[in-house]
Amino acid sequence: MDNSAKHLLQRLVRRIPASMLKSTLDKWERLTAEKRKSLDFTQSKWIITQELVALCEKSELTVKHITELEMIYITENPNQGMWHTFQLVEPEDDAHSVELMQFKEQFKSHLRELQRNVSVKIKKHTDQAVWIRVAWGDGLSSPNHLKATYVVLYLQTPYVFVNALSSKHKPLLLQALTLSTRHQQIKAANLSGQKLTALRDLLMRQYQQVFPTKYPSPLAESDQSISKLRVEKVQAEASANRHRMAGETFGDGMLPALQSAVFKLETKFKDPTNEAMTQRDEPFICSVKFSSSNLLESLRHCASSGIASTPVTPMLSSIPLKGRNYFVITDNVLTA
Amino acid sequence: MSLLKPFSKLPDLNTANILLVENEEQFQQNLADTLVEETAVTVNVRLAKSLPLPMENDESRPRIDLVVFIINLTSDKSFESAKASLKYLDPGYFLGKVCFVATNARHASVRTGCLDALRQLAALLHCPLLFAEDQSPEGATSSARRLLTILKVASGLVPNTTALYLSSLTRCTMPPDIDQPSFD
């Protein structure tokens, strides 16, 4: 085991929380059960790391094995770092018949053609997701495993999620992905967030949605308790209406946790009280960012409590409808 | 838009009606549940987000004896909405049948001057200003008790006193130095 492998292992163990260390190592299966038992997980992280490095050295593990451990950890805990989304467009005729083995070979060979020193690892997760780990090397230098890019894609769906991709490697990765999934083009889907599962649920519509109906509620059971008899909401109809409209836009149940939404405005400044600015011909450029621990939940609350007007403006409702959280707004049109 | 009038309808026997106006619609529900537990008189509670009240249920609505504006001091919108709603009240209500309840007054994120503005408003309209704690059930109970005292008087259930008389004792008065820079 060389120094870079040791360094990688140390960095990795530092990232894994102590409570998860044991279960992650169990799933790794590179160390025998006896060796795993010899580790004392009640000790400090630093001592465990030392022991682990010694054990791995004894078992003659290499960088390749350690990247496996990293991949197990990231696959189990995908909600870290910033995930960006790309969308594959213009599929070719045989795009729907791409299967995993073929994709693996194609992707590796396409990427190696573009960049000589890359290390690629592809694994299929239990929920049909294909996880790809790419460590990039420059020219003659060997791949840098400390800053690996993670890519998650579901075969036969157009969305690709990417984590920690530098702008230098972006065209290479996108080209390899497009070719190996048999598509003509790939474009940014303008959706990013810290939680991979939330992005996936939003794009694949895996959250509870409400569809507009003429008779929205089933017959309400009459509650005859004293508080119901004597307390009456005067504006109950208006508030029920607001709740229904908020539900139609944002759904009823749990919502995918998005952290932010950014609107870049490139429109003319309109304010009747401020003539100097209104008369300017150039657009007024600014960007508006909404952030929250669960943005969609907050927006739904704003709409249902009347802070935001209903029906919800297309600007806010297009976050769940179009599945994106970055918008550039020019005069009269909502475009990418 | 229709004004809410204090004397346009006949009162019911041993009944008091209270209207709670709160833009956020959070504290009013707890308060209402506590208010209706009163057994000596029949208390009817109406909840609203803002005034004016809709015309459709105007007929079935009883005479409102006390209008309470609940204002969350941490939110500007809450104050603005209450201020806008005041226009839809008949002047007769301001003879002792309106009351302000401020919540979150000790919260760290209260804007400076917000409390002073509310005080000024209450003093200008000769209305009492109460402070309430809205997080715990005890807070709701104690504010409900204070509101009930005013409500009973305002609905004419207490002999020998009137809402106007009570309000001249309990109304908010402006401290004389409210416009002066304070020394602390």
# chains A, B, ... in the order shown; residues from 1 in each chain; ligands from 1
>>> closest_atom_pairs(of="chain B", to="chain A", cutoff="7 Å", atoms="only C-alpha atoms", output="JSON lines")
{"residue": "B:Glu24", "atom": "CA", "partner": "A:Ser305", "partner_atom": "CA", "distance": 6.8}
{"residue": "B:Ala32", "atom": "CA", "partner": "A:Val231", "partner_atom": "CA", "distance": 6.6}
{"residue": "B:Asp33", "atom": "CA", "partner": "A:Ser227", "partner_atom": "CA", "distance": 5.9}
{"residue": "B:Val36", "atom": "CA", "partner": "A:Ser227", "partner_atom": "CA", "distance": 6.2}
{"residue": "B:Asn44", "atom": "CA", "partner": "A:Arg230", "partner_atom": "CA", "distance": 4.8}
{"residue": "B:Val45", "atom": "CA", "partner": "A:Val231", "partner_atom": "CA", "distance": 4.6}
{"residue": "B:Arg46", "atom": "CA", "partner": "A:Glu232", "partner_atom": "CA", "distance": 4.9}
{"residue": "B:Leu47", "atom": "CA", "partner": "A:Lys233", "partner_atom": "CA", "distance": 4.6}
{"residue": "B:Ala48", "atom": "CA", "partner": "A:Val234", "partner_atom": "CA", "distance": 5.5}
{"residue": "B:Leu53", "atom": "CA", "partner": "A:Val234", "partner_atom": "CA", "distance": 6.9}
{"residue": "B:Pro54", "atom": "CA", "partner": "A:Gln235", "partner_atom": "CA", "distance": 6.9}
>>> residues_around(residues="Ser293 (chain A)", least_positions_apart="2", cutoff="8 Å", atoms="only C-alpha atoms", output="PyMOL selection string")
chain A and resi 257-259+291+295
>>> select_by_dssp(residues="region 153-274 of chain A", states="alpha helix (DSSP H)", output="ChimeraX atom specification")
/A:170-180,196-203,226-230,236-250
>>> write_last_selection(atoms="N, CA and C atoms", output="JSON list (two decimals), in the first residue's frame")
[["chain", "number", "residue", "atom", "x", "y", "z"],
["A", 170, "LYS", "N", -15.99, 18.99, -17.30],
["A", 170, "LYS", "CA", -17.40, 18.90, -17.63],
["A", 170, "LYS", "C", -17.67, 18.47, -19.08],
["A", 171, "PRO", "N", -17.04, 19.12, -20.08],
["A", 171, "PRO", "CA", -17.33, 18.70, -21.46],
["A", 171, "PRO", "C", -16.97, 17.24, -21.73],
["A", 172, "LEU", "N", -15.88, 16.78, -21.11],
["A", 172, "LEU", "CA", -15.46, 15.39, -21.34],
["A", 172, "LEU", "C", -16.50, 14.42, -20.82],
["A", 173, "LEU", "N", -16.94, 14.67, -19.58],
["A", 173, "LEU", "CA", -17.89, 13.75, -18.97],
["A", 173, "LEU", "C", -19.22, 13.76, -19.73],
["A", 174, "LEU", "N", -19.67, 14.96, -20.09],
["A", 174, "LEU", "CA", -20.96, 15.06, -20.76],
["A", 174, "LEU", "C", -20.92, 14.36, -22.11],
["A", 175, "GLN", "N", -19.79, 14.51, -22.81],
["A", 175, "GLN", "CA", -19.70, 13.87, -24.11],
["A", 175, "GLN", "C", -19.74, 12.35, -23.97],
["A", 176, "ALA", "N", -18.98, 11.84, -23.00],
["A", 176, "ALA", "CA", -18.97, 10.40, -22.80],
["A", 176, "ALA", "C", -20.35, 9.88, -22.43],
["A", 177, "LEU", "N", -21.07, 10.64, -21.60],
["A", 177, "LEU", "CA", -22.41, 10.22, -21.18],
["A", 177, "LEU", "C", -23.37, 10.20, -22.37],
["A", 178, "THR", "N", -23.30, 11.26, -23.17],
["A", 178, "THR", "CA", -24.22, 11.36, -24.31],
["A", 178, "THR", "C", -24.01, 10.20, -25.27],
["A", 179, "LEU", "N", -22.75, 9.93, -25.56],
["A", 179, "LEU", "CA", -22.47, 8.88, -26.54],
["A", 179, "LEU", "C", -22.86, 7.51, -26.01],
["A", 180, "SER", "N", -22.52, 7.26, -24.76],
["A", 180, "SER", "CA", -22.73, 5.89, -24.27],
["A", 180, "SER", "C", -24.19, 5.60, -23.95],
["A", 196, "LEU", "N", -29.74, 14.49, -3.03],
["A", 196, "LEU", "CA", -29.93, 13.77, -4.28],
["A", 196, "LEU", "C", -31.32, 13.16, -4.37],
["A", 197, "THR", "N", -31.78, 12.59, -3.25],
["A", 197, "THR", "CA", -33.09, 11.93, -3.28],
["A", 197, "THR", "C", -34.20, 12.93, -3.60],
["A", 198, "ALA", "N", -34.06, 14.15, -3.07],
["A", 198, "ALA", "CA", -35.09, 15.17, -3.32],
["A", 198, "ALA", "C", -35.11, 15.55, -4.79],
["A", 199, "LEU", "N", -33.93, 15.72, -5.40],
["A", 199, "LEU", "CA", -33.87, 16.09, -6.81],
["A", 199, "LEU", "C", -34.50, 15.00, -7.65],
["A", 200, "ARG", "N", -34.18, 13.74, -7.29],
["A", 200, "ARG", "CA", -34.72, 12.62, -8.06],
["A", 200, "ARG", "C", -36.24, 12.56, -7.93],
["A", 201, "ASP", "N", -36.74, 12.72, -6.70],
["A", 201, "ASP", "CA", -38.19, 12.67, -6.49],
["A", 201, "ASP", "C", -38.90, 13.78, -7.26],
["A", 202, "LEU", "N", -38.27, 14.95, -7.28],
["A", 202, "LEU", "CA", -38.90, 16.08, -7.96],
["A", 202, "LEU", "C", -38.98, 15.83, -9.46],
["A", 203, "LEU", "N", -37.87, 15.36, -10.04],
["A", 203, "LEU", "CA", -37.85, 15.19, -11.49],
["A", 203, "LEU", "C", -38.68, 14.00, -11.93],
["A", 226, "ILE", "N", -68.37, 20.83, 21.39],
["A", 226, "ILE", "CA", -68.79, 22.20, 21.74],
["A", 226, "ILE", "C", -67.95, 23.25, 21.03],
["A", 227, "SER", "N", -66.66, 22.96, 20.89],
["A", 227, "SER", "CA", -65.82, 23.99, 20.28],
["A", 227, "SER", "C", -66.18, 24.17, 18.81],
["A", 228, "LYS", "N", -66.63, 23.09, 18.15],
["A", 228, "LYS", "CA", -66.99, 23.21, 16.74],
["A", 228, "LYS", "C", -68.31, 23.96, 16.59],
["A", 229, "LEU", "N", -69.20, 23.80, 17.59],
["A", 229, "LEU", "CA", -70.51, 24.45, 17.50],
["A", 229, "LEU", "C", -70.40, 25.96, 17.64],
["A", 230, "ARG", "N", -69.52, 26.38, 18.52],
["A", 230, "ARG", "CA", -69.54, 27.80, 18.87],
["A", 230, "ARG", "C", -68.41, 28.59, 18.22],
["A", 236, "ALA", "N", -63.97, 30.95, 6.17],
["A", 236, "ALA", "CA", -63.55, 29.56, 5.98],
["A", 236, "ALA", "C", -63.44, 29.20, 4.51],
["A", 237, "GLU", "N", -64.39, 29.72, 3.72],
["A", 237, "GLU", "CA", -64.41, 29.36, 2.30],
["A", 237, "GLU", "C", -63.15, 29.87, 1.60],
["A", 238, "ALA", "N", -62.80, 31.13, 1.90],
["A", 238, "ALA", "CA", -61.62, 31.72, 1.28],
["A", 238, "ALA", "C", -60.37, 30.95, 1.68],
["A", 239, "SER", "N", -60.31, 30.55, 2.94],
["A", 239, "SER", "CA", -59.08, 29.88, 3.38],
["A", 239, "SER", "C", -59.01, 28.46, 2.82],
["A", 240, "ALA", "N", -60.19, 27.80, 2.70],
["A", 240, "ALA", "CA", -60.19, 26.46, 2.09],
["A", 240, "ALA", "C", -59.75, 26.55, 0.63],
["A", 241, "ASN", "N", -60.17, 27.62, 0.00],
["A", 241, "ASN", "CA", -59.79, 27.85, -1.38],
["A", 241, "ASN", "C", -58.29, 28.01, -1.53],
["A", 242, "ARG", "N", -57.72, 28.79, -0.62],
["A", 242, "ARG", "CA", -56.27, 29.02, -0.66],
["A", 242, "ARG", "C", -55.52, 27.71, -0.47],
["A", 243, "HIS", "N", -56.00, 26.90, 0.51],
["A", 243, "HIS", "CA", -55.34, 25.62, 0.76],
["A", 243, "HIS", "C", -55.41, 24.71, -0.46],
["A", 244, "ARG", "N", -56.58, 24.73, -1.12],
["A", 244, "ARG", "CA", -56.75, 23.86, -2.27],
["A", 244, "ARG", "C", -55.80, 24.28, -3.40],
["A", 245, "MET", "N", -55.72, 25.59, -3.62],
["A", 245, "MET", "CA", -54.86, 26.06, -4.72],
["A", 245, "MET", "C", -53.39, 25.80, -4.41],
["A", 246, "ALA", "N", -53.01, 25.97, -3.15],
["A", 246, "ALA", "CA", -51.63, 25.69, -2.78],
["A", 246, "ALA", "C", -51.34, 24.21, -2.99],
["A", 247, "GLY", "N", -52.35, 23.37, -2.64],
["A", 247, "GLY", "CA", -52.18, 21.93, -2.81],
["A", 247, "GLY", "C", -52.07, 21.53, -4.27],
["A", 248, "GLU", "N", -52.85, 22.21, -5.12],
["A", 248, "GLU", "CA", -52.80, 21.88, -6.54],
["A", 248, "GLU", "C", -51.44, 22.19, -7.14],
["A", 249, "THR", "N", -50.81, 23.24, -6.63],
["A", 249, "THR", "CA", -49.50, 23.59, -7.19],
["A", 249, "THR", "C", -48.39, 22.76, -6.58],
["A", 250, "PHE", "N", -48.42, 22.61, -5.27],
["A", 250, "PHE", "CA", -47.26, 22.02, -4.62],
["A", 250, "PHE", "C", -47.50, 20.61, -4.09]]
>>> atom_distance(atom1="CA of Arg145 (chain B)", atom2="CA of Thr34 (chain B)")
8.8 Å
>>> residues_around(residues="Leu166 (chain B)", least_positions_apart="5", cutoff="9 Å", atoms="only C-alpha atoms", output="NGL selection string")
:B and (96 or 150 or 153-154 or 161 or 171)
>>> residues_around(residues="region 100-108 of chain B", least_positions_apart="6", cutoff="6 Å", atoms="only C-alpha atoms", output="PyMOL selection string")
chain B and resi 68-73+129-133
>>> write_last_selection(atoms="C-alpha atoms", output="CSV table (one decimal), in the first residue's frame")
chain,number,residue,atom,x,y,z
B,68,VAL,CA,-60.0,41.6,19.0
B,69,PHE,CA,-57.0,42.2,16.8
B,70,ILE,CA,-54.2,39.8,17.4
B,71,ILE,CA,-50.9,41.2,16.2
B,72,ASN,CA,-47.7,39.3,16.0
B,73,LEU,CA,-45.0,41.9,16.6
B,129,LEU,CA,-53.7,46.8,24.5
B,130,LEU,CA,-53.0,43.4,26.0
B,131,PHE,CA,-49.9,41.3,25.8
B,132,ALA,CA,-50.1,37.6,25.4
B,133,GLU,CA,-47.9,34.6,25.4
>>> residues_around(residues="Leu121 (chain B)", least_positions_apart="4", cutoff="10 Å", atoms="only C-alpha atoms", output="VMD selection string")
chain B and resid 83 100 115 to 117 125 to 127 129 172 174
>>> residues_around(residues="Ser75 (chain B)", least_positions_apart="6", cutoff="10 Å", atoms="only C-alpha atoms", output="JSON, numbers by chain")
{"B": [23, 24, 104, 109, 110, 111, 114]}
>>> write_last_selection(atoms="N, CA and C atoms", output="PDB file, in the first residue's frame")
ATOM      1  N   ASN B  23     -54.027  37.845  11.253  1.00  0.00           N
ATOM      2  CA  ASN B  23     -53.581  37.580   9.884  1.00  0.00           C
ATOM      3  C   ASN B  23     -52.949  36.201   9.742  1.00  0.00           C
ATOM      4  N   GLU B  24     -52.234  35.732  10.774  1.00  0.00           N
ATOM      5  CA  GLU B  24     -51.531  34.454  10.649  1.00  0.00           C
ATOM      6  C   GLU B  24     -52.414  33.243  10.931  1.00  0.00           C
ATOM      7  N   ASN B 104     -45.602  37.831  20.986  1.00  0.00           N
ATOM      8  CA  ASN B 104     -44.174  37.829  20.652  1.00  0.00           C
ATOM      9  C   ASN B 104     -43.470  39.151  20.949  1.00  0.00           C
ATOM     10  N   SER B 109     -36.483  39.118  17.420  1.00  0.00           N
ATOM     11  CA  SER B 109     -36.523  39.687  16.074  1.00  0.00           C
ATOM     12  C   SER B 109     -37.609  40.745  15.899  1.00  0.00           C
ATOM     13  N   VAL B 110     -38.090  41.313  16.994  1.00  0.00           N
ATOM     14  CA  VAL B 110     -39.072  42.400  16.868  1.00  0.00           C
ATOM     15  C   VAL B 110     -38.350  43.654  16.395  1.00  0.00           C
ATOM     16  N   ARG B 111     -38.898  44.250  15.353  1.00  0.00           N
ATOM     17  CA  ARG B 111     -38.270  45.447  14.821  1.00  0.00           C
ATOM     18  C   ARG B 111     -38.439  46.586  15.838  1.00  0.00           C
ATOM     19  N   CYS B 114     -41.735  48.962  16.361  1.00  0.00           N
ATOM     20  CA  CYS B 114     -42.978  48.275  16.039  1.00  0.00           C
ATOM     21  C   CYS B 114     -43.945  48.349  17.219  1.00  0.00           C
TER      22      CYS B 114
END
>>> closest_atom_pairs(of="region 47-156 of chain B", to="region 5-21 of chain B", cutoff="8 Å", atoms="only C-alpha atoms", output="Markdown table")
| residue | atom | partner | partner_atom | distance |
| --- | --- | --- | --- | --- |
| B:Leu47 | CA | B:Leu20 | CA | 5.0 |
| B:Ala48 | CA | B:Val21 | CA | 4.9 |
| B:Lys49 | CA | B:Val21 | CA | 5.5 |
| B:Ser50 | CA | B:Val21 | CA | 5.8 |
| B:Leu51 | CA | B:Val21 | CA | 7.7 |
| B:Pro62 | CA | B:Asn17 | CA | 7.1 |
| B:Arg63 | CA | B:Lys9 | CA | 5.5 |
| B:Ile64 | CA | B:Asn17 | CA | 5.1 |
| B:Asp65 | CA | B:Asn17 | CA | 5.4 |
| B:Leu66 | CA | B:Ile18 | CA | 4.9 |
| B:Val67 | CA | B:Leu19 | CA | 4.9 |
| B:Val68 | CA | B:Leu20 | CA | 4.9 |
| B:Phe69 | CA | B:Val21 | CA | 4.9 |
| B:Ile70 | CA | B:Val21 | CA | 6.0 |
| B:Ala82 | CA | B:Val21 | CA | 7.7 |
| B:Leu89 | CA | B:Lys5 | CA | 6.8 |
| B:Asp90 | CA | B:Lys5 | CA | 5.2 |
| B:Gly92 | CA | B:Pro6 | CA | 6.4 |
| B:Tyr93 | CA | B:Pro6 | CA | 6.0 |
| B:Leu151 | CA | B:Ala16 | CA | 6.9 |
| B:Lys152 | CA | B:Ala16 | CA | 6.8 |
| B:Ser155 | CA | B:Ala16 | CA | 5.7 |
>>> write_last_selection(atoms="N, CA and C atoms", output="short mmCIF file (atom, residue, chain, number, x, y, z; two decimals), in the first residue's frame")
data_model
loop_
_atom_site.label_atom_id
_atom_site.label_comp_id
_atom_site.auth_asym_id
_atom_site.auth_seq_id
_atom_site.Cartn_x
_atom_site.Cartn_y
_atom_site.Cartn_z
N LEU B 47 -63.86 33.61 13.84
CA LEU B 47 -62.46 33.80 13.49
C LEU B 47 -62.35 34.41 12.11
N ALA B 48 -61.48 35.37 11.95
CA ALA B 48 -61.29 35.98 10.63
C ALA B 48 -59.82 36.29 10.44
N LYS B 49 -59.43 36.35 9.19
CA LYS B 49 -58.04 36.67 8.86
C LYS B 49 -57.89 38.18 8.77
N SER B 50 -58.88 38.82 8.19
CA SER B 50 -58.86 40.27 8.11
C SER B 50 -60.28 40.74 7.85
N LEU B 51 -60.52 42.02 8.00
CA LEU B 51 -61.81 42.59 7.68
C LEU B 51 -61.70 43.20 6.28
N PRO B 62 -74.22 36.59 14.27
CA PRO B 62 -74.84 37.31 15.40
C PRO B 62 -74.20 38.69 15.58
N ARG B 63 -74.74 39.45 16.50
CA ARG B 63 -74.15 40.75 16.81
C ARG B 63 -72.78 40.54 17.45
N ILE B 64 -71.78 41.21 16.93
CA ILE B 64 -70.43 41.04 17.49
C ILE B 64 -70.25 42.05 18.62
N ASP B 65 -69.92 41.54 19.81
CA ASP B 65 -69.81 42.42 20.97
C ASP B 65 -68.40 42.94 21.18
N LEU B 66 -67.42 42.17 20.74
CA LEU B 66 -66.03 42.62 20.96
C LEU B 66 -65.19 42.17 19.77
N VAL B 67 -64.42 43.09 19.24
CA VAL B 67 -63.50 42.76 18.14
C VAL B 67 -62.09 42.79 18.70
N VAL B 68 -61.37 41.67 18.52
CA VAL B 68 -60.00 41.59 19.04
C VAL B 68 -59.04 41.46 17.86
N PHE B 69 -58.07 42.35 17.80
CA PHE B 69 -57.03 42.24 16.77
C PHE B 69 -55.80 41.61 17.41
N ILE B 70 -55.41 40.44 16.90
CA ILE B 70 -54.20 39.79 17.42
C ILE B 70 -53.05 40.15 16.50
N ALA B 82 -53.82 44.44 10.24
CA ALA B 82 -54.75 44.88 11.28
C ALA B 82 -55.12 46.34 11.06
N LEU B 89 -64.56 48.95 10.45
CA LEU B 89 -65.32 48.91 11.69
C LEU B 89 -66.10 50.20 11.85
N ASP B 90 -67.34 50.07 12.30
CA ASP B 90 -68.16 51.25 12.58
C ASP B 90 -67.52 52.01 13.75
N GLY B 92 -68.76 53.25 16.21
CA GLY B 92 -69.37 52.84 17.48
C GLY B 92 -68.57 51.78 18.21
N TYR B 93 -67.80 50.98 17.48
CA TYR B 93 -67.00 49.93 18.12
C TYR B 93 -65.90 50.51 19.00
N LEU B 151 -65.09 41.01 27.51
CA LEU B 151 -66.22 40.59 26.67
C LEU B 151 -67.54 40.67 27.42
N LYS B 152 -67.51 40.22 28.69
CA LYS B 152 -68.74 40.21 29.48
C LYS B 152 -69.27 41.63 29.65
N SER B 155 -70.61 42.99 26.24
CA SER B 155 -71.89 42.46 25.77
C SER B 155 -73.01 42.79 26.74
#
>>> atom_distance(atom1="CA of Phe284 (chain A)", atom2="CA of Cys302 (chain A)")
26.9 Å
>>> closest_residue(among="B:Val41, B:Leu95, B:Leu148, B:Ala140", to="Phe27 (chain B)", atoms="only C-alpha atoms")
B:Ala140
>>> atom_distance(atom1="CA of Ser167 (chain A)", atom2="CA of Val262 (chain A)")
20.4 Å
>>> decode(residues="region 15-45 of chain A", atoms="N, CA and C atoms", output="mmCIF file, in the first residue's frame")
data_model
loop_
_atom_site.group_PDB
_atom_site.id
_atom_site.type_symbol
_atom_site.label_atom_id
_atom_site.label_comp_id
_atom_site.auth_asym_id
_atom_site.auth_seq_id
_atom_site.Cartn_x
_atom_site.Cartn_y
_atom_site.Cartn_z
ATOM 1 N N ARG A 15 -14.022 11.319 7.189
ATOM 2 C CA ARG A 15 -15.339 11.796 6.720
ATOM 3 C C ARG A 15 -16.494 10.971 7.269
ATOM 4 N N ILE A 16 -16.250 9.679 7.487
ATOM 5 C CA ILE A 16 -17.343 8.807 7.922
ATOM 6 C C ILE A 16 -17.593 9.019 9.410
ATOM 7 N N PRO A 17 -18.821 9.312 9.818
ATOM 8 C CA PRO A 17 -19.109 9.475 11.240
ATOM 9 C C PRO A 17 -18.832 8.180 11.998
ATOM 10 N N ALA A 18 -18.376 8.321 13.257
ATOM 11 C CA ALA A 18 -17.968 7.156 14.038
ATOM 12 C C ALA A 18 -19.087 6.128 14.146
ATOM 13 N N SER A 19 -20.333 6.610 14.220
ATOM 14 C CA SER A 19 -21.438 5.673 14.417
ATOM 15 C C SER A 19 -21.666 4.784 13.187
ATOM 16 N N MET A 20 -21.238 5.266 12.025
ATOM 17 C CA MET A 20 -21.492 4.494 10.807
ATOM 18 C C MET A 20 -20.288 3.692 10.360
ATOM 19 N N LEU A 21 -19.167 3.903 11.031
ATOM 20 C CA LEU A 21 -17.925 3.303 10.561
ATOM 21 C C LEU A 21 -18.009 1.782 10.493
ATOM 22 N N LYS A 22 -18.576 1.184 11.564
ATOM 23 C CA LYS A 22 -18.596 -0.273 11.635
ATOM 24 C C LYS A 22 -19.457 -0.877 10.521
ATOM 25 N N SER A 23 -20.666 -0.320 10.347
ATOM 26 C CA SER A 23 -21.566 -0.891 9.343
ATOM 27 C C SER A 23 -20.996 -0.719 7.938
ATOM 28 N N THR A 24 -20.329 0.427 7.706
ATOM 29 C CA THR A 24 -19.748 0.650 6.381
ATOM 30 C C THR A 24 -18.635 -0.353 6.108
ATOM 31 N N LEU A 25 -17.803 -0.598 7.117
ATOM 32 C CA LEU A 25 -16.716 -1.560 6.925
ATOM 33 C C LEU A 25 -17.263 -2.969 6.713
ATOM 34 N N ASP A 26 -18.361 -3.291 7.396
ATOM 35 C CA ASP A 26 -18.966 -4.613 7.228
ATOM 36 C C ASP A 26 -19.418 -4.835 5.794
ATOM 37 N N LYS A 27 -19.965 -3.772 5.194
ATOM 38 C CA LYS A 27 -20.456 -3.904 3.824
ATOM 39 C C LYS A 27 -19.307 -4.002 2.834
ATOM 40 N N TRP A 28 -18.163 -3.534 3.208
ATOM 41 C CA TRP A 28 -17.015 -3.473 2.303
ATOM 42 C C TRP A 28 -16.507 -4.873 1.964
ATOM 43 N N GLU A 29 -16.424 -5.725 2.976
ATOM 44 C CA GLU A 29 -16.051 -7.138 2.799
ATOM 45 C C GLU A 29 -14.634 -7.359 2.299
ATOM 46 N N ARG A 30 -13.776 -6.362 2.393
ATOM 47 C CA ARG A 30 -12.383 -6.573 1.966
ATOM 48 C C ARG A 30 -11.530 -7.060 3.133
ATOM 49 N N LEU A 31 -11.986 -6.773 4.327
ATOM 50 C CA LEU A 31 -11.274 -7.268 5.498
ATOM 51 C C LEU A 31 -12.019 -8.491 6.015
ATOM 52 N N THR A 32 -11.301 -9.470 6.456
ATOM 53 C CA THR A 32 -11.967 -10.667 6.963
ATOM 54 C C THR A 32 -12.662 -10.356 8.283
ATOM 55 N N ALA A 33 -13.613 -11.209 8.617
ATOM 56 C CA ALA A 33 -14.410 -10.978 9.821
ATOM 57 C C ALA A 33 -13.521 -10.880 11.061
ATOM 58 N N GLU A 34 -12.478 -11.718 11.112
ATOM 59 C CA GLU A 34 -11.594 -11.685 12.289
ATOM 60 C C GLU A 34 -10.899 -10.339 12.404
ATOM 61 N N LYS A 35 -10.427 -9.849 11.268
ATOM 62 C CA LYS A 35 -9.723 -8.572 11.300
ATOM 63 C C LYS A 35 -10.653 -7.450 11.721
ATOM 64 N N ARG A 36 -11.909 -7.542 11.234
ATOM 65 C CA ARG A 36 -12.858 -6.501 11.604
ATOM 66 C C ARG A 36 -13.144 -6.554 13.099
ATOM 67 N N LYS A 37 -13.177 -7.786 13.613
ATOM 68 C CA LYS A 37 -13.465 -7.928 15.040
ATOM 69 C C LYS A 37 -12.340 -7.358 15.890
ATOM 70 N N SER A 38 -11.119 -7.421 15.353
ATOM 71 C CA SER A 38 -9.982 -6.944 16.139
ATOM 72 C C SER A 38 -9.988 -5.424 16.299
ATOM 73 N N LEU A 39 -10.787 -4.743 15.492
ATOM 74 C CA LEU A 39 -10.864 -3.285 15.622
ATOM 75 C C LEU A 39 -11.756 -2.920 16.800
ATOM 76 N N ASP A 40 -11.288 -1.966 17.617
ATOM 77 C CA ASP A 40 -12.090 -1.529 18.757
ATOM 78 C C ASP A 40 -12.730 -0.183 18.419
ATOM 79 N N PHE A 41 -14.052 -0.215 18.187
ATOM 80 C CA PHE A 41 -14.708 1.010 17.709
ATOM 81 C C PHE A 41 -15.023 1.998 18.821
ATOM 82 N N THR A 42 -14.679 1.627 20.070
ATOM 83 C CA THR A 42 -14.933 2.586 21.148
ATOM 84 C C THR A 42 -13.786 3.573 21.289
ATOM 85 N N GLN A 43 -12.674 3.275 20.605
ATOM 86 C CA GLN A 43 -11.518 4.161 20.722
ATOM 87 C C GLN A 43 -11.717 5.432 19.905
ATOM 88 N N SER A 44 -10.770 6.334 20.031
ATOM 89 C CA SER A 44 -10.892 7.584 19.274
ATOM 90 C C SER A 44 -10.671 7.293 17.792
ATOM 91 N N LYS A 45 -11.192 8.189 16.981
ATOM 92 C CA LYS A 45 -11.136 8.036 15.535
ATOM 93 C C LYS A 45 -9.695 7.907 15.059
#
